[in-house]
$ cat coords_25.txt   # compact mmCIF, C-alpha atoms
# COMPACT_ATOMS: atom_id res chain seq x y z
CA MET G 1 8.49 -17.66 -5.54
CA HIS G 2 6.20 -14.87 -6.70
CA ARG G 3 7.49 -11.40 -5.76
CA PHE G 4 4.74 -8.97 -4.86
CA PRO G 5 5.22 -5.34 -5.83
CA GLY G 6 5.63 -2.84 -3.06
CA PRO G 7 8.18 -1.75 -0.51
CA PRO G 8 10.98 -4.08 0.51
CA LEU G 9 10.00 -6.38 3.33
CA GLN G 10 12.87 -5.14 5.51
CA GLU G 11 11.76 -1.51 5.18
CA VAL G 12 8.19 -2.26 6.22
CA ALA G 13 9.24 -4.55 9.05
CA SER G 14 11.68 -2.03 10.49
CA GLN G 15 8.91 0.56 10.65
CA CYS G 16 6.20 -1.71 12.01
CA ARG G 17 6.68 -1.27 15.75
CA LYS G 18 3.30 -2.79 16.43
CA LEU G 19 4.47 -6.31 15.63
CA THR G 20 4.70 -8.67 18.53
CA ARG G 21 8.19 -9.53 19.72
CA LYS G 22 7.88 -13.05 18.30
CA ASN G 23 6.79 -11.77 14.87
CA ARG G 24 9.62 -9.21 14.87
CA GLU G 25 12.13 -11.96 15.59
CA GLN G 26 10.69 -14.13 12.82
CA LEU G 27 10.95 -11.26 10.34
CA SER G 28 14.51 -10.56 11.42
CA GLU G 29 15.43 -14.19 10.81
CA LEU G 30 13.88 -14.05 7.36
CA MET G 31 15.80 -10.90 6.50
CA CYS G 32 19.17 -12.30 7.60
CA LEU G 33 19.75 -14.19 4.38
CA ASP G 34 23.06 -15.44 3.14
CA LYS G 35 23.96 -12.65 0.71
CA GLN G 36 25.50 -15.14 -1.73
CA LYS G 37 22.53 -17.51 -1.91
CA GLY G 38 19.66 -15.08 -1.36
CA LEU G 39 16.23 -16.64 -1.05
CA LYS G 40 17.60 -20.06 -1.97
CA SER G 41 19.21 -20.24 1.46
CA LEU G 42 15.80 -20.18 3.18
CA SER G 43 14.27 -23.36 4.48
CA LYS G 44 10.85 -24.30 3.16
CA GLU G 45 9.24 -23.14 6.42
CA LYS G 46 10.97 -19.75 6.34
CA ARG G 47 10.15 -19.29 2.66
CA GLN G 48 6.48 -19.95 3.47
CA LYS G 49 6.59 -17.35 6.27
CA LEU G 50 8.19 -14.84 3.94
CA GLU G 51 5.52 -15.50 1.34
CA ALA G 52 2.83 -15.08 4.00
CA TYR G 53 4.21 -11.68 4.98
CA GLN G 54 4.41 -10.70 1.31
CA HIS G 55 0.77 -11.71 0.87
CA LEU G 56 -0.18 -9.71 3.98
CA PHE G 57 1.57 -6.56 2.77
CA TYR G 58 0.12 -6.99 -0.72
CA LEU G 59 -3.38 -7.42 0.70
CA LEU G 60 -3.01 -4.35 2.92
CA GLN G 61 -1.91 -2.31 -0.10
CA THR G 62 -4.61 -3.46 -2.48
CA GLN G 63 -7.54 -3.73 -0.05
CA PRO G 64 -7.59 -0.30 1.61
CA GLY G 65 -10.69 -1.01 3.66
CA TYR G 66 -8.70 -2.92 6.27
CA LEU G 67 -6.30 -0.08 7.04
CA ALA G 68 -9.05 2.53 6.70
CA ARG G 69 -11.06 0.82 9.45
CA LEU G 70 -7.94 0.31 11.54
CA LEU G 71 -7.14 4.03 11.41
CA PHE G 72 -10.32 4.76 13.31
CA GLN G 73 -9.53 2.14 15.95
CA VAL G 74 -6.19 3.74 16.82
CA PRO G 75 -6.51 6.50 19.45
CA GLN G 76 -6.45 9.90 17.75
CA ASN G 77 -3.33 11.05 19.60
CA LYS G 78 -1.42 8.02 18.27
CA SER G 79 -2.77 8.01 14.72
CA THR G 80 -0.02 10.30 13.40
CA THR G 81 2.76 8.16 14.82
CA PHE G 82 1.03 5.14 13.31
CA LEU G 83 0.23 6.76 9.98
CA GLN G 84 3.63 8.05 9.02
CA PRO G 85 6.01 5.17 9.65
CA VAL G 86 3.74 2.24 8.89
CA ILE G 87 1.33 3.36 6.20
CA PHE G 88 3.64 5.61 4.22
CA THR G 89 6.34 2.94 4.28
CA LEU G 90 3.84 0.30 3.19
CA TYR G 91 3.09 2.49 0.16
CA SER G 92 6.77 3.45 -0.41
CA TYR G 93 5.89 7.10 0.20
CA ALA G 94 4.05 7.03 -3.15
CA SER G 95 7.41 7.04 -4.93
CA HIS G 96 5.99 5.12 -7.91
CA PRO G 97 2.68 5.61 -9.75
CA ARG G 98 1.29 2.29 -8.52
CA GLU G 99 1.99 3.04 -4.86
CA GLY G 100 0.73 6.62 -5.29
CA TYR G 101 -2.53 5.33 -6.73
CA LEU G 102 -2.93 2.75 -3.97
CA LEU G 103 -2.18 5.34 -1.28
CA LEU G 104 -4.87 7.60 -2.75
CA GLN G 105 -7.25 4.65 -2.65
CA LEU G 106 -6.47 4.27 1.06
CA PHE G 107 -7.19 7.97 1.66
CA LYS G 108 -10.46 7.61 -0.25
CA ALA G 109 -11.44 4.56 1.81
CA ALA G 110 -10.51 6.36 5.06
CA LEU G 111 -12.68 9.32 4.12
CA GLN G 112 -15.56 7.00 3.27
CA GLU G 113 -15.10 5.25 6.62
CA GLU G 114 -15.10 8.60 8.45
CA ILE G 115 -18.31 9.62 6.69
CA ARG G 116 -19.90 6.25 7.49
CA LEU G 117 -18.97 6.60 11.17
CA GLY G 118 -20.20 10.20 11.20
CA GLU G 119 -23.56 9.09 9.91
CA GLY G 120 -23.91 6.68 12.82
CA GLY G 121 -22.95 3.62 10.80
CA GLY G 122 -20.24 2.53 13.27
$ encode --input "coords_25.txt" --output "structure tokens"
Amino acid sequence: MHRFPGPPLQEVASQCRKLTRKNREQLSELMCLDKQKGLKSLSKEKRQKLEAYQHLFYLLQTQPGYLARLLFQVPQNKSTTFLQPVIFTLYSYASHPREGYLLLQLFKAALQEEIRLGEGGG
């Protein structure tokens, strides 16, 4: 299985309170691995779900336009509570150069989105 760079799945999932209950339960199941066997203990179906979540988190990190647009859909009074736990965790609080660069790309995309909306492009 290809491991995507970025924060551990468990860290992101624990912070993502916006997941539906069903998705949260699925992630919990995926994270409760047999410590001895690791990923080998996953069934094919669970491994595919884990890979899908990894692809999702990778896409969100490397394609900042999605989160940039989402930021402007969240009510302003809730954007801070959304921004800190979800986005900063997704980018590992910029603790490595790669994540720092990608986080800056998100900020750049968010500013571009704000300018676009301010110009009446929304």
$ atom_distance --input "coords_25.txt" --atom1 "CA of Lys108 (chain G)" --atom2 "CA of Leu50 (chain G)"
29.5 Å
$ residues_around --input "coords_25.txt" --residues "Leu83 (chain G)" --least-positions-apart "5" --cutoff "10 Å" --atoms "only C-alpha atoms" --output "list of chain:residue names"
G:Leu67, G:Leu71, G:Val74, G:Lys78, G:Phe88, G:Thr89
$ closest_residue --input "coords_25.txt" --among "G:Gln61, G:Arg69, G:Asn23, G:Lys44" --to "Ile115 (chain G)" --atoms "all atoms listed in the file"
G:Arg69
$ closest_residue --input "coords_25.txt" --among "G:Leu104, G:Ala109, G:Leu90, G:Leu117" --to "Gly65 (chain G)" --atoms "only C-alpha atoms"
G:Ala109
$ atom_distance --input "coords_25.txt" --atom1 "CA of Glu113 (chain G)" --atom2 "CA of Phe72 (chain G)"
8.2 Å
$ atom_distance --input "coords_25.txt" --atom1 "CA of Leu60 (chain G)" --atom2 "CA of Leu42 (chain G)"
24.6 Å
$ residues_around --input "coords_25.txt" --residues "Thr62 (chain G)" --least-positions-apart "4" --cutoff "9 Å" --atoms "all atoms listed in the file" --output "ChimeraX atom specification"
/G:57-58,102,105-106
$ axis_aligned_box --input "coords_25.txt" --around "region 55-71 of chain G" --padding-each-side "5 Å" --output "AutoDock Vina command-line options"
--center_x -4.7 --center_y -3.8 --center_z 4.5 --size_x 22.6 --size_y 25.7 --size_z 24.0
